[in-house]
Amino acid sequence: MPSQTAPSYLEKWLYAIPPQPPRPRTKPMQVLALGMSRSGTESLRRALQILGYDHVYHGFDMTESHPMHWKEWALLGRRKYGCVGTSHKGDPHITRADFDNILGHSEAVTDQPCSIFATELIDAYPEAKVILNHRDVDSWYESITALILPHARGFWYNVLPWFQADMYWAVQYTIHCFNMHFYGDLERNGKWVYRQHSATIKGALADEPGRLLVWTVQDGWEPLCRFLGKPIPDEPFPAGNTLETTNRRYDKNMVKVGIAAARNFAICFLLTGVLASYFAGLFHRSQ
């Protein structure tokens, strides 16, 4: 068991998250954009919105939903990879209903966590078209490591999550989804996993070539609209996020829970100090 994971009884009590409101699916899933983060996912999200898809689920939804979605994806990750609290033998049996529980109102998806569940989503929504958005592997690697690695170390990652439920489940998502996808080490395995991910999606749809579009941001509107059967909008293709804007949007909500965690940490530290002083005094008087 990873050292950052609490026993199940503490997860149910100390790190409980209010249940998500029901999201009955009223429209079919239409587009699965399953390329990895930092491969045009935000540009593609905006483009799909311009083309009329509602809602386009993106990694930002995990932090911008209330309550946050870290827990649901972390638990799916545990099932997919056979981690904590699971007993499956090679088949986690993640179903359409499992995804609808999180994505129910979405007509399209892009970015992680959905890219991590690419093959499961392809099977769960056979009616949806699939986009493999990609970029040069070296520039992707430089971008993804600059984004992820600073958030996965130090006091923020190793200490504060124990003192706030949303932060705790954000770390569980990192451990049981993101890290598992990269075989435990993004920095060491990132490039070959990126190539493997693309090959896996292409292989999964080898018998359905008309269902898959391999696409880059530089390709712009024309191949995307032709694939989706949409008219080309009379506006430039939307720009994506820089590392700075991505971090700013992530921090907007995570800093709030980080402040709550720091407050809880300070209270716990002070109470521990008071109790330690009290019992030290009792011990001293008994001598």
# chains A, B, ... in the order shown; residues from 1 in each chain; ligands from 1

$ residues_around --residues "range 237-248 of chain A" --least-positions-apart "3" --cutoff "12 Å" --atoms "only C-alpha atoms" --output "ChimeraX atom specification"
/A:37-51,59-60,63,140,142-148,150-151,216-222,224-225,232-234,251-255

$ select_by_dssp --residues "range 77-273 of chain A" --states "strand (DSSP E or B)" --output "NGL selection string"
:A and (108-109 or 129-133 or 212-215)

$ residues_around --residues "range 203-212 of chain A" --least-positions-apart "5" --cutoff "12 Å" --atoms "only C-alpha atoms" --output "PyMOL selection string"
chain A and resi 30-35+118-123+125-133+196-198+223-224+226-228

$ select_by_dssp --residues "range 36-196 of chain A" --states "helix (DSSP H, G or I)" --output "PDB file with C-alpha atoms, in the first residue's frame"
ATOM      1  CA  THR A  41      -6.574  19.354 -24.921  1.00  0.00           C
ATOM      2  CA  GLU A  42      -7.732  22.840 -23.899  1.00  0.00           C
ATOM      3  CA  SER A  43      -7.733  24.154 -27.487  1.00  0.00           C
ATOM      4  CA  LEU A  44      -9.767  21.126 -28.478  1.00  0.00           C
ATOM      5  CA  ARG A  45     -12.172  21.582 -25.568  1.00  0.00           C
ATOM      6  CA  ARG A  46     -12.879  25.153 -26.671  1.00  0.00           C
ATOM      7  CA  ALA A  47     -13.206  24.086 -30.298  1.00  0.00           C
ATOM      8  CA  LEU A  48     -15.753  21.402 -29.411  1.00  0.00           C
ATOM      9  CA  GLN A  49     -17.733  23.942 -27.410  1.00  0.00           C
ATOM     10  CA  ILE A  50     -17.748  26.319 -30.383  1.00  0.00           C
ATOM     11  CA  PHE A  60     -10.276  21.269 -14.973  1.00  0.00           C
ATOM     12  CA  ASP A  61     -13.685  19.809 -14.101  1.00  0.00           C
ATOM     13  CA  MET A  62     -12.046  17.820 -11.311  1.00  0.00           C
ATOM     14  CA  THR A  63     -11.136  20.988  -9.395  1.00  0.00           C
ATOM     15  CA  GLU A  64     -13.921  23.281 -10.597  1.00  0.00           C
ATOM     16  CA  TRP A  70     -10.844  13.636  -7.399  1.00  0.00           C
ATOM     17  CA  LYS A  71     -12.379  10.830  -5.362  1.00  0.00           C
ATOM     18  CA  GLU A  72     -14.528   9.328  -8.127  1.00  0.00           C
ATOM     19  CA  TRP A  73     -11.587   9.100 -10.522  1.00  0.00           C
ATOM     20  CA  ALA A  74      -9.203   7.845  -7.845  1.00  0.00           C
ATOM     21  CA  LEU A  75     -11.588   4.984  -7.027  1.00  0.00           C
ATOM     22  CA  LEU A  76     -11.925   4.121 -10.732  1.00  0.00           C
ATOM     23  CA  GLY A  77      -8.142   4.144 -10.961  1.00  0.00           C
ATOM     24  CA  ARG A  78      -7.899   1.693  -8.091  1.00  0.00           C
ATOM     25  CA  ARG A  79     -10.264  -0.603  -9.954  1.00  0.00           C
ATOM     26  CA  LYS A  80      -8.475  -0.242 -13.289  1.00  0.00           C
ATOM     27  CA  TYR A  81      -5.055  -1.017 -11.856  1.00  0.00           C
ATOM     28  CA  ARG A  96     -20.821   2.988 -19.009  1.00  0.00           C
ATOM     29  CA  ALA A  97     -22.799   3.475 -15.802  1.00  0.00           C
ATOM     30  CA  ASP A  98     -19.571   4.107 -13.872  1.00  0.00           C
ATOM     31  CA  PHE A  99     -18.552   6.824 -16.332  1.00  0.00           C
ATOM     32  CA  ASP A 100     -22.055   8.297 -16.584  1.00  0.00           C
ATOM     33  CA  ASN A 101     -21.982   8.739 -12.823  1.00  0.00           C
ATOM     34  CA  ILE A 102     -19.257  11.347 -13.382  1.00  0.00           C
ATOM     35  CA  LEU A 103     -19.730  12.420 -17.005  1.00  0.00           C
ATOM     36  CA  CYS A 114     -10.376  10.526 -19.466  1.00  0.00           C
ATOM     37  CA  SER A 115      -7.212   9.853 -21.474  1.00  0.00           C
ATOM     38  CA  ILE A 116      -6.085   7.466 -18.731  1.00  0.00           C
ATOM     39  CA  PHE A 117      -9.294   5.465 -19.256  1.00  0.00           C
ATOM     40  CA  ALA A 118      -9.096   5.587 -23.050  1.00  0.00           C
ATOM     41  CA  THR A 119      -9.826   1.948 -23.869  1.00  0.00           C
ATOM     42  CA  GLU A 120     -12.553   1.697 -21.246  1.00  0.00           C
ATOM     43  CA  LEU A 121     -14.278   4.797 -22.645  1.00  0.00           C
ATOM     44  CA  ILE A 122     -13.987   3.517 -26.231  1.00  0.00           C
ATOM     45  CA  ASP A 123     -15.762   0.335 -25.152  1.00  0.00           C
ATOM     46  CA  ALA A 124     -18.306   2.100 -22.939  1.00  0.00           C
ATOM     47  CA  VAL A 137       6.782  13.747 -28.060  1.00  0.00           C
ATOM     48  CA  ASP A 138       9.801  15.801 -26.969  1.00  0.00           C
ATOM     49  CA  SER A 139       7.894  19.076 -26.677  1.00  0.00           C
ATOM     50  CA  TRP A 140       5.046  17.209 -24.948  1.00  0.00           C
ATOM     51  CA  TYR A 141       7.449  15.686 -22.425  1.00  0.00           C
ATOM     52  CA  GLU A 142       9.018  19.047 -21.618  1.00  0.00           C
ATOM     53  CA  SER A 143       5.581  20.571 -21.073  1.00  0.00           C
ATOM     54  CA  ILE A 144       4.028  17.777 -19.002  1.00  0.00           C
ATOM     55  CA  THR A 145       6.996  17.381 -16.655  1.00  0.00           C
ATOM     56  CA  ALA A 146       7.170  21.145 -16.105  1.00  0.00           C
ATOM     57  CA  LEU A 147       3.468  21.099 -15.195  1.00  0.00           C
ATOM     58  CA  ILE A 148       3.218  17.972 -13.046  1.00  0.00           C
ATOM     59  CA  LEU A 149       6.494  17.427 -11.215  1.00  0.00           C
ATOM     60  CA  PRO A 150       6.503  20.659  -9.165  1.00  0.00           C
ATOM     61  CA  HIS A 151       3.078  19.736  -7.740  1.00  0.00           C
ATOM     62  CA  GLY A 154       7.321  18.696  -0.781  1.00  0.00           C
ATOM     63  CA  PHE A 155       5.070  19.800   2.065  1.00  0.00           C
ATOM     64  CA  TRP A 156       2.125  20.545  -0.262  1.00  0.00           C
ATOM     65  CA  TYR A 157       2.040  16.978  -1.583  1.00  0.00           C
ATOM     66  CA  ASN A 158       3.350  14.877   1.306  1.00  0.00           C
ATOM     67  CA  LEU A 160      -1.000  18.915   3.818  1.00  0.00           C
ATOM     68  CA  PRO A 161      -3.239  16.307   2.082  1.00  0.00           C
ATOM     69  CA  TRP A 162      -3.545  14.425   5.364  1.00  0.00           C
ATOM     70  CA  PHE A 163      -5.398  17.445   6.765  1.00  0.00           C
ATOM     71  CA  ALA A 165     -10.290  15.660   2.251  1.00  0.00           C
ATOM     72  CA  ASP A 166     -10.148  17.188  -1.264  1.00  0.00           C
ATOM     73  CA  MET A 167      -6.357  17.386  -1.097  1.00  0.00           C
ATOM     74  CA  TYR A 168      -6.200  13.818   0.164  1.00  0.00           C
ATOM     75  CA  TRP A 169      -8.220  12.526  -2.802  1.00  0.00           C
ATOM     76  CA  ALA A 170      -6.198  14.657  -5.226  1.00  0.00           C
ATOM     77  CA  VAL A 171      -3.118  12.759  -4.073  1.00  0.00           C
ATOM     78  CA  GLN A 172      -5.001   9.460  -4.333  1.00  0.00           C
ATOM     79  CA  TYR A 173      -5.835  10.360  -7.937  1.00  0.00           C
ATOM     80  CA  THR A 174      -2.165  11.071  -8.604  1.00  0.00           C
ATOM     81  CA  ILE A 175      -1.101   7.761  -7.046  1.00  0.00           C
ATOM     82  CA  HIS A 176      -3.775   5.460  -8.429  1.00  0.00           C
ATOM     83  CA  CYS A 177      -4.476   7.041 -11.838  1.00  0.00           C
ATOM     84  CA  PHE A 178      -1.738   9.321 -13.121  1.00  0.00           C
ATOM     85  CA  ASN A 179       1.287   7.563 -11.627  1.00  0.00           C
ATOM     86  CA  MET A 180      -0.027   4.114 -12.503  1.00  0.00           C
ATOM     87  CA  HIS A 181      -0.560   5.234 -16.106  1.00  0.00           C
ATOM     88  CA  LEU A 186       6.517  10.139 -15.371  1.00  0.00           C
ATOM     89  CA  GLU A 187      10.042  11.503 -15.592  1.00  0.00           C
ATOM     90  CA  ARG A 188      11.587   8.147 -16.500  1.00  0.00           C
ATOM     91  CA  ASN A 189       8.756   6.536 -18.495  1.00  0.00           C
ATOM     92  CA  GLY A 190       6.889   9.479 -19.977  1.00  0.00           C
ATOM     93  CA  LYS A 191       8.081   9.356 -23.575  1.00  0.00           C
ATOM     94  CA  TRP A 192       7.598   5.658 -24.229  1.00  0.00           C
ATOM     95  CA  VAL A 193       4.232   5.635 -22.419  1.00  0.00           C
ATOM     96  CA  TYR A 194       3.143   8.546 -24.629  1.00  0.00           C
ATOM     97  CA  ARG A 195       3.999   6.551 -27.741  1.00  0.00           C
ATOM     98  CA  GLN A 196       2.377   3.420 -26.294  1.00  0.00           C
TER      99      GLN A 196
END

$ atom_distance --atom1 "CA of Ala152 in chain A" --atom2 "CA of Tyr57 in chain A"
23.6 Å

$ decode --residues "range 164-177 of chain A" --atoms "N, CA, C and O atoms" --output "PDB file, in the first residue's frame"
ATOM      1  N   GLN A 164      -6.899  17.586   4.833  1.00  0.00           N
ATOM      2  CA  GLN A 164      -8.058  18.116   4.103  1.00  0.00           C
ATOM      3  C   GLN A 164      -8.497  17.080   3.078  1.00  0.00           C
ATOM      4  O   GLN A 164      -7.680  16.537   2.336  1.00  0.00           O
ATOM      5  N   ALA A 165      -9.793  16.797   3.032  1.00  0.00           N
ATOM      6  CA  ALA A 165     -10.290  15.660   2.251  1.00  0.00           C
ATOM      7  C   ALA A 165     -10.067  15.828   0.747  1.00  0.00           C
ATOM      8  O   ALA A 165      -9.653  14.876   0.070  1.00  0.00           O
ATOM      9  N   ASP A 166     -10.345  17.010   0.176  1.00  0.00           N
ATOM     10  CA  ASP A 166     -10.148  17.188  -1.264  1.00  0.00           C
ATOM     11  C   ASP A 166      -8.679  17.020  -1.641  1.00  0.00           C
ATOM     12  O   ASP A 166      -8.359  16.411  -2.667  1.00  0.00           O
ATOM     13  N   MET A 167      -7.787  17.548  -0.822  1.00  0.00           N
ATOM     14  CA  MET A 167      -6.357  17.386  -1.097  1.00  0.00           C
ATOM     15  C   MET A 167      -5.938  15.928  -0.971  1.00  0.00           C
ATOM     16  O   MET A 167      -5.119  15.431  -1.747  1.00  0.00           O
ATOM     17  N   TYR A 168      -6.513  15.239   0.006  1.00  0.00           N
ATOM     18  CA  TYR A 168      -6.200  13.818   0.164  1.00  0.00           C
ATOM     19  C   TYR A 168      -6.572  13.044  -1.101  1.00  0.00           C
ATOM     20  O   TYR A 168      -5.778  12.260  -1.626  1.00  0.00           O
ATOM     21  N   TRP A 169      -7.779  13.284  -1.632  1.00  0.00           N
ATOM     22  CA  TRP A 169      -8.220  12.526  -2.802  1.00  0.00           C
ATOM     23  C   TRP A 169      -7.506  12.982  -4.070  1.00  0.00           C
ATOM     24  O   TRP A 169      -7.342  12.179  -5.003  1.00  0.00           O
ATOM     25  N   ALA A 170      -7.022  14.227  -4.103  1.00  0.00           N
ATOM     26  CA  ALA A 170      -6.198  14.657  -5.226  1.00  0.00           C
ATOM     27  C   ALA A 170      -4.908  13.841  -5.278  1.00  0.00           C
ATOM     28  O   ALA A 170      -4.457  13.428  -6.358  1.00  0.00           O
ATOM     29  N   VAL A 171      -4.321  13.594  -4.120  1.00  0.00           N
ATOM     30  CA  VAL A 171      -3.118  12.759  -4.073  1.00  0.00           C
ATOM     31  C   VAL A 171      -3.452  11.313  -4.425  1.00  0.00           C
ATOM     32  O   VAL A 171      -2.687  10.644  -5.125  1.00  0.00           O
ATOM     33  N   GLN A 172      -4.607  10.825  -3.973  1.00  0.00           N
ATOM     34  CA  GLN A 172      -5.001   9.460  -4.333  1.00  0.00           C
ATOM     35  C   GLN A 172      -5.178   9.328  -5.839  1.00  0.00           C
ATOM     36  O   GLN A 172      -4.835   8.306  -6.434  1.00  0.00           O
ATOM     37  N   TYR A 173      -5.726  10.368  -6.475  1.00  0.00           N
ATOM     38  CA  TYR A 173      -5.835  10.360  -7.937  1.00  0.00           C
ATOM     39  C   TYR A 173      -4.451  10.282  -8.566  1.00  0.00           C
ATOM     40  O   TYR A 173      -4.222   9.509  -9.507  1.00  0.00           O
ATOM     41  N   THR A 174      -3.529  11.082  -8.063  1.00  0.00           N
ATOM     42  CA  THR A 174      -2.165  11.071  -8.604  1.00  0.00           C
ATOM     43  C   THR A 174      -1.538   9.691  -8.463  1.00  0.00           C
ATOM     44  O   THR A 174      -0.930   9.166  -9.410  1.00  0.00           O
ATOM     45  N   ILE A 175      -1.711   9.074  -7.302  1.00  0.00           N
ATOM     46  CA  ILE A 175      -1.101   7.761  -7.046  1.00  0.00           C
ATOM     47  C   ILE A 175      -1.742   6.680  -7.898  1.00  0.00           C
ATOM     48  O   ILE A 175      -1.047   5.901  -8.571  1.00  0.00           O
ATOM     49  N   HIS A 176      -3.071   6.623  -7.886  1.00  0.00           N
ATOM     50  CA  HIS A 176      -3.775   5.460  -8.429  1.00  0.00           C
ATOM     51  C   HIS A 176      -4.263   5.627  -9.859  1.00  0.00           C
ATOM     52  O   HIS A 176      -4.723   4.655 -10.465  1.00  0.00           O
ATOM     53  N   CYS A 177      -4.161   6.830 -10.411  1.00  0.00           N
ATOM     54  CA  CYS A 177      -4.476   7.041 -11.838  1.00  0.00           C
ATOM     55  C   CYS A 177      -3.238   7.490 -12.594  1.00  0.00           C
ATOM     56  O   CYS A 177      -2.677   6.757 -13.396  1.00  0.00           O
TER      57      CYS A 177
END
